[in-house]
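Chemist: Contents of model_28.pdb (PDB, C-alpha atoms) are below:
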MODEL        1
ATOM      1  CA  MET L 519      79.349 126.243 102.049
ATOM      2  CA  ILE L 520      80.208 123.874  99.221
ATOM      3  CA  ASN L 521      83.870 124.811  99.545
ATOM      4  CA  SER L 522      83.908 123.962 103.274
ATOM      5  CA  ILE L 523      82.299 120.574 102.580
ATOM      6  CA  SER L 524      84.994 119.879  99.988
ATOM      7  CA  ILE L 525      87.762 120.808 102.444
ATOM      8  CA  LEU L 526      86.172 118.588 105.118
ATOM      9  CA  ARG L 527      86.039 115.681 102.673
ATOM     10  CA  GLU L 528      89.730 116.102 101.828
ATOM     11  CA  ILE L 529      90.668 116.219 105.529
ATOM     12  CA  ILE L 530      88.768 112.975 106.259
ATOM     13  CA  ALA L 531      90.264 111.288 103.177
ATOM     14  CA  TYR L 532      93.823 112.219 104.111
ATOM     15  CA  VAL L 533      93.296 111.037 107.702
ATOM     16  CA  PHE L 534      92.276 107.631 106.305
ATOM     17  CA  LEU L 535      95.215 107.571 103.856
ATOM     18  CA  ILE L 536      97.833 108.507 106.481
ATOM     19  CA  THR L 537      96.418 105.929 108.928
ATOM     20  CA  GLY L 538      96.652 103.226 106.277
ATOM     21  CA  THR L 539     100.208 104.149 105.362
ATOM     22  CA  TYR L 540     101.150 104.054 109.060
ATOM     23  CA  PHE L 541      99.737 100.525 109.338
ATOM     24  CA  LEU L 542     101.652  99.398 106.238
ATOM     25  CA  ILE L 543     104.937 100.810 107.618
ATOM     26  CA  SER L 544     104.291  99.099 110.979
ATOM     27  CA  ASN L 545     103.732  95.866 109.025
ATOM     28  CA  ALA L 546     107.174  96.252 107.456
ATOM     29  CA  ILE L 547     108.827  96.992 110.824
ATOM     30  CA  GLY L 548     107.085  93.985 112.367
ATOM     31  CA  MET L 549     108.320  91.765 109.554
ATOM     32  CA  ILE L 550     111.961  92.559 110.321
ATOM     33  CA  ARG L 551     111.839  92.956 114.126
ATOM     34  CA  PHE L 552     109.904  89.937 115.434
ATOM     35  CA  PRO L 553     111.999  86.879 116.318
ATOM     36  CA  ASP L 554     109.633  84.008 115.461
ATOM     37  CA  PHE L 555     107.814  83.022 112.289
ATOM     38  CA  TYR L 556     104.331  82.961 113.817
ATOM     39  CA  LEU L 557     104.805  86.395 115.402
ATOM     40  CA  ARG L 558     105.804  87.728 111.999
ATOM     41  CA  LEU L 559     102.733  86.145 110.414
ATOM     42  CA  HIS L 560     100.524  87.661 113.143
ATOM     43  CA  ALA L 561     101.890  91.170 112.496
ATOM     44  CA  SER L 562     101.672  90.653 108.752
ATOM     45  CA  SER L 563      98.029  89.543 108.705
ATOM     46  CA  LYS L 564      96.521  92.156 111.012
ATOM     47  CA  CYS L 565      98.473  95.221 109.935
ATOM     48  CA  LEU L 566      98.197  94.294 106.265
ATOM     49  CA  ILE L 567      94.413  94.070 106.210
ATOM     50  CA  ALA L 568      93.953  97.166 108.424
ATOM     51  CA  GLY L 569      96.288  99.261 106.280
ATOM     52  CA  SER L 570      94.908  98.189 102.918
ATOM     53  CA  ILE L 571      91.264  98.696 103.923
ATOM     54  CA  SER L 572      92.067 102.104 105.412
ATOM     55  CA  VAL L 573      93.850 103.272 102.239
ATOM     56  CA  LEU L 574      90.945 102.104 100.075
ATOM     57  CA  MET L 575      88.438 103.838 102.400
ATOM     58  CA  GLY L 576      90.404 107.061 101.987
ATOM     59  CA  CYS L 577      90.220 106.711  98.202
ATOM     60  CA  ILE L 578      86.444 106.117  98.412
ATOM     61  CA  VAL L 579      85.939 109.280 100.496
ATOM     62  CA  LEU L 580      88.116 111.241  98.043
ATOM     63  CA  GLU L 581      86.114 109.944  95.088
ATOM     64  CA  GLY L 582      82.464 110.284  96.113
ATOM     65  CA  ILE L 583      79.650 108.181  94.678
ATOM     66  CA  SER L 584      80.543 106.758  91.273
ATOM     67  CA  TYR L 585      81.456 103.513  89.527
ATOM     68  CA  ILE L 586      85.092 103.950  90.597
ATOM     69  CA  SER L 587      84.127 103.772  94.276
ATOM     70  CA  LEU L 588      82.030 100.675  93.488
ATOM     71  CA  LYS L 589      85.173  99.031  92.114
ATOM     72  CA  LEU L 590      87.087 100.058  95.257
ATOM     73  CA  ILE L 591      84.332  98.500  97.426
ATOM     74  CA  ILE L 592      84.686  95.308  95.373
ATOM     75  CA  ILE L 593      88.450  95.330  96.065
ATOM     76  CA  ILE L 594      87.726  95.777  99.822
ATOM     77  CA  ILE L 595      85.300  92.826  99.905
ATOM     78  CA  PHE L 596      87.734  90.680  97.922
ATOM     79  CA  LEU L 597      90.619  91.480 100.309
ATOM     80  CA  LEU L 598      88.396  90.766 103.336
ATOM     81  CA  ILE L 599      87.597  87.311 101.949
ATOM     82  CA  THR L 600      90.938  86.247 100.462
ATOM     83  CA  ASN L 601      93.602  87.654 102.798
ATOM     84  CA  PRO L 602      92.663  85.520 105.879
ATOM     85  CA  VAL L 603      92.434  82.475 103.593
ATOM     86  CA  ALA L 604      95.958  83.092 102.259
ATOM     87  CA  ILE L 605      97.398  83.690 105.761
ATOM     88  CA  HIS L 606      95.700  80.529 107.060
ATOM     89  CA  ALA L 607      97.091  78.523 104.148
ATOM     90  CA  ILE L 608     100.607  79.836 104.864
ATOM     91  CA  ALA L 609     100.284  78.948 108.589
ATOM     92  CA  HIS L 610      99.045  75.406 107.778
ATOM     93  CA  PHE L 611     101.926  74.998 105.322
ATOM     94  CA  ALA L 612     104.407  76.164 107.978
ATOM     95  CA  TYR L 613     103.088  73.645 110.536
ATOM     96  CA  ASN L 614     103.403  70.848 107.995
ATOM     97  CA  TYR L 615     106.892  72.147 107.194
ATOM     98  CA  SER L 616     107.774  71.315 110.865
ATOM     99  CA  ILE L 617     108.237  74.870 112.096
ATOM    100  CA  LYS L 618     107.102  75.089 115.708
ATOM    101  CA  PRO L 619     106.733  78.211 117.869
ATOM    102  CA  GLN L 620     109.800  78.848 120.034
ATOM    103  CA  LYS L 621     108.327  79.172 123.534
ATOM    104  CA  ILE L 622     105.397  76.808 123.109
ATOM    105  CA  VAL L 623     103.850  75.460 126.330
ATOM    106  CA  LYS L 624     101.171  73.057 125.123
ATOM    107  CA  ASN L 625     100.623  71.750 121.608
ATOM    108  CA  ASP L 626      96.917  71.284 120.977
ATOM    109  CA  ILE L 627      97.210  69.985 117.415
ATOM    110  CA  LYS L 628      99.627  67.181 118.225
ATOM    111  CA  GLN L 629      97.586  65.982 121.290
TER     112      GLN L 629
ATOM    113  CA  MET N 829      99.785 111.759  97.532
ATOM    114  CA  LEU N 830     103.345 111.320  96.252
ATOM    115  CA  TYR N 831     104.754 111.156  99.806
ATOM    116  CA  LEU N 832     102.319 108.367 100.695
ATOM    117  CA  ILE N 833     103.495 106.408  97.635
ATOM    118  CA  LEU N 834     107.121 106.946  98.659
ATOM    119  CA  ALA N 835     106.360 105.768 102.222
ATOM    120  CA  ILE N 836     104.751 102.563 100.920
ATOM    121  CA  ILE N 837     107.764 102.020  98.609
ATOM    122  CA  LEU N 838     110.015 102.383 101.677
ATOM    123  CA  SER N 839     107.978  99.736 103.531
ATOM    124  CA  ILE N 840     108.259  97.444 100.481
ATOM    125  CA  ILE N 841     112.044  97.827 100.574
ATOM    126  CA  ILE N 842     112.093  96.991 104.301
ATOM    127  CA  THR N 843     109.946  93.891 103.710
ATOM    128  CA  PHE N 844     112.180  92.849 100.800
ATOM    129  CA  TYR N 845     114.967  92.291 103.361
ATOM    130  CA  ARG N 846     112.864  89.505 104.901
ATOM    131  CA  LEU N 847     112.198  88.076 101.423
ATOM    132  CA  ILE N 848     115.952  87.755 100.771
ATOM    133  CA  LYS N 849     117.244  86.751 104.214
ATOM    134  CA  GLY N 850     114.273  84.792 105.569
ATOM    135  CA  PRO N 851     115.504  81.666 107.355
ATOM    136  CA  SER N 852     112.735  79.404 106.047
ATOM    137  CA  VAL N 853     110.357  79.075 103.124
ATOM    138  CA  PRO N 854     107.117  80.236 104.898
ATOM    139  CA  ASP N 855     108.874  83.465 105.925
ATOM    140  CA  ARG N 856     109.476  84.198 102.284
ATOM    141  CA  LEU N 857     105.861  83.350 101.450
ATOM    142  CA  ALA N 858     104.524  85.744 104.121
ATOM    143  CA  ALA N 859     106.867  88.493 102.892
ATOM    144  CA  MET N 860     105.719  87.863  99.320
ATOM    145  CA  ASN N 861     102.060  88.205 100.331
ATOM    146  CA  SER N 862     102.824  91.469 102.155
ATOM    147  CA  ILE N 863     104.703  92.899  99.177
ATOM    148  CA  GLY N 864     101.831  91.948  96.879
ATOM    149  CA  VAL N 865      99.167  93.763  98.895
ATOM    150  CA  MET N 866     101.427  96.825  99.373
ATOM    151  CA  PHE N 867     101.979  96.961  95.614
ATOM    152  CA  LEU N 868      98.191  96.762  95.162
ATOM    153  CA  MET N 869      97.882  99.886  97.326
ATOM    154  CA  ILE N 870     100.563 101.586  95.218
ATOM    155  CA  LEU N 871      98.575 100.818  92.061
ATOM    156  CA  VAL N 872      95.409 102.352  93.548
ATOM    157  CA  LEU N 873      97.277 105.467  94.726
ATOM    158  CA  LEU N 874      99.080 105.892  91.396
ATOM    159  CA  SER N 875      95.761 105.949  89.556
ATOM    160  CA  TYR N 876      94.796 108.897  91.771
ATOM    161  CA  TYR N 877      98.194 110.570  91.343
ATOM    162  CA  PHE N 878      98.061 110.480  87.530
ATOM    163  CA  GLU N 879      94.288 111.248  87.623
ATOM    164  CA  ARG N 880      93.428 108.365  85.346
ATOM    165  CA  LYS N 881      90.810 106.397  87.287
ATOM    166  CA  ILE N 882      90.565 103.655  84.666
ATOM    167  CA  TYR N 883      93.819 102.206  86.052
ATOM    168  CA  ILE N 884      91.874 100.828  89.049
ATOM    169  CA  ASN N 885      90.895  97.893  86.803
ATOM    170  CA  VAL N 886      94.567  96.867  86.826
ATOM    171  CA  ALA N 887      94.520  96.789  90.643
ATOM    172  CA  LEU N 888      91.293  94.750  90.590
ATOM    173  CA  VAL N 889      92.880  92.036  88.442
ATOM    174  CA  TYR N 890      96.180  92.140  90.374
ATOM    175  CA  GLY N 891      94.297  91.420  93.604
ATOM    176  CA  VAL N 892      93.050  88.142  92.135
ATOM    177  CA  SER N 893      96.551  87.346  90.882
ATOM    178  CA  ILE N 894      98.345  87.580  94.259
ATOM    179  CA  PHE N 895      95.748  85.320  95.930
ATOM    180  CA  MET N 896      96.210  82.655  93.239
ATOM    181  CA  ASN N 897      99.998  83.066  93.529
ATOM    182  CA  VAL N 898     100.045  82.345  97.283
ATOM    183  CA  LEU N 899      97.654  79.385  97.060
ATOM    184  CA  ILE N 900      99.507  77.708  94.181
ATOM    185  CA  MET N 901     102.903  78.143  95.865
ATOM    186  CA  VAL N 902     101.541  76.692  99.144
ATOM    187  CA  LYS N 903     100.076  73.703  97.303
ATOM    188  CA  TYR N 904     103.169  72.784  95.315
ATOM    189  CA  LEU N 905     105.858  73.437  97.964
ATOM    190  CA  GLN N 906     104.353  71.023 100.504
ATOM    191  CA  LYS N 907     106.172  67.939 101.638
ATOM    192  CA  PRO N 908     104.442  64.708 100.608
ATOM    193  CA  GLU N 909     102.419  63.357 103.511
ATOM    194  CA  LYS N 910     103.396  59.986 104.963
ATOM    195  CA  GLY N 911      99.980  58.502 105.696
ATOM    196  CA  GLY N 912      98.711  59.162 102.226
ATOM    197  CA  SER N 913      95.627  60.949 103.573
ATOM    198  CA  SER N 914      95.088  63.740 101.128
ATOM    199  CA  ASP N 915      93.727  66.854 102.834
TER     200      ASP N 915
ENDMDL
END
Please express the file's structure as structure tokens.
Modeler:
Amino acid sequence: MINSISILREIIAYVFLITGTYFLISNAIGMIRFPDFYLRLHASSKCLIAGSISVLMGCIVLEGISYISLKLIIIIIFLLITNPVAIHAIAHFAYNYSIKPQKIVKNDIKQ
Amino acid sequence: MLYLILAIILSIIITFYRLIKGPSVPDRLAAMNSIGVMFLMILVLLSYYFERKIYINVALVYGVSIFMNVLIMVKYLQKPEKGGSSD
């Protein structure tokens, strides 16, 4: 009984880890395949936060309840707060750097 | 666990192409942010691979470091604004 619970925990943890690694690889492919800067930033932000949180969730399931998993939860909360802030700062910097989207129809910021 | 680390290293190498060849400065910044978070995941997975869980503290401090890195680079690479309105 205890052995089957342990095997089930490992299966769930490896599903989380493989999903996170898949998201990180798709982030890398999106960084080299998309034609425009803003498309690249879009792929980077979403796939990066999904992949990192999924990998850390897999590590938490593999660990169980301890102080190590508390530290991993702190890393998750920190990434959830800081990664959108960093991506938003890069996008604001790019607009001030006079990089516009290629097929833009209507510019709301410029009025 | 080792194959997952190798797959993330492969994705870092693919992203490093954008860091070298990126046509503009914000491309390089976005690639640098991606490489930083991927390396954070490698640090967490390596602490499980070597079975020394105390190494997670290194990842915890590195996560603060990459955020400060991106914000400081964005602040000091900006063009000076013409109107003088500091934002």
Chemist: Where does chain L meet chain N within 8 Å, residue by residue, with the nearest atom pair and distance in Å to one decimal for each, counting all atoms listed in the file, listed by chain and rising number, as CSV?
Modeler:
residue,atom,partner,partner_atom,distance
L:Leu535,CA,N:Leu832,CA,7.8
L:Ile536,CA,N:Leu832,CA,7.3
L:Thr539,CA,N:Ile836,CA,6.5
L:Leu542,CA,N:Ser839,CA,6.9
L:Ile543,CA,N:Ser839,CA,5.2
L:Asn545,CA,N:Ser839,CA,7.9
L:Ala546,CA,N:Thr843,CA,5.2
L:Ile547,CA,N:Ile842,CA,7.3
L:Met549,CA,N:Thr843,CA,6.4
L:Ile550,CA,N:Arg846,CA,6.3
L:Phe555,CA,N:Asp855,CA,6.5
L:Leu559,CA,N:Ala858,CA,6.6
L:Ser562,CA,N:Ser862,CA,6.7
L:Leu566,CA,N:Ser862,CA,6.8
L:Ser570,CA,N:Met869,CA,6.6
L:Val573,CA,N:Met869,CA,7.2
L:Leu574,CA,N:Met869,CA,7.8
L:Cys577,CA,N:Leu873,CA,8.0
L:Ile586,CA,N:Lys881,CA,7.0
L:Lys589,CA,N:Ile884,CA,7.6
L:Leu590,CA,N:Ile884,CA,7.9
L:Ile593,CA,N:Leu888,CA,6.2
L:Phe596,CA,N:Gly891,CA,7.9
L:Leu597,CA,N:Gly891,CA,7.6
L:Thr600,CA,N:Phe895,CA,6.7
L:Asn601,CA,N:Phe895,CA,7.6
L:Ala604,CA,N:Val898,CA,6.5
L:Ile605,CA,N:Ala858,CA,7.6
L:Ala607,CA,N:Val902,CA,6.9
L:Ile608,CA,N:Pro854,CA,6.5
L:Ala609,CA,N:Pro854,CA,7.9
L:Phe611,CA,N:Val902,CA,6.4
L:Ala612,CA,N:Pro854,CA,5.8
L:Asn614,CA,N:Lys907,CA,7.5
L:Tyr615,CA,N:Lys907,CA,7.0
Chemist: Starting from the PyMOL selection byres ((chain L and resi 524-531) around 12), expand the selection into actual residues of this file and give them as a ChimeraX atom specification.
Modeler: /L:519-523,532-538,572-582 /N:829
Chemist: Go ahead and compute the interatomic distance for CA of Val603 (chain L) and CA of Asn625 (chain L), in Å to one decimal.
Modeler: 22.5 Å
Chemist: Between L:His606, L:Leu598, L:Ile583, L:Gln620, single out the one closest to His560 (chain L), counting all atoms listed in the file.
Modeler: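 Closest to His560 (chain L) of all the choices is L:His606.
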Chemist: Separation of CA of Ile627 (chain L) and CA of Ala568 (chain L), in Å?
Modeler: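 These two atoms are separated by 28.8 Å.
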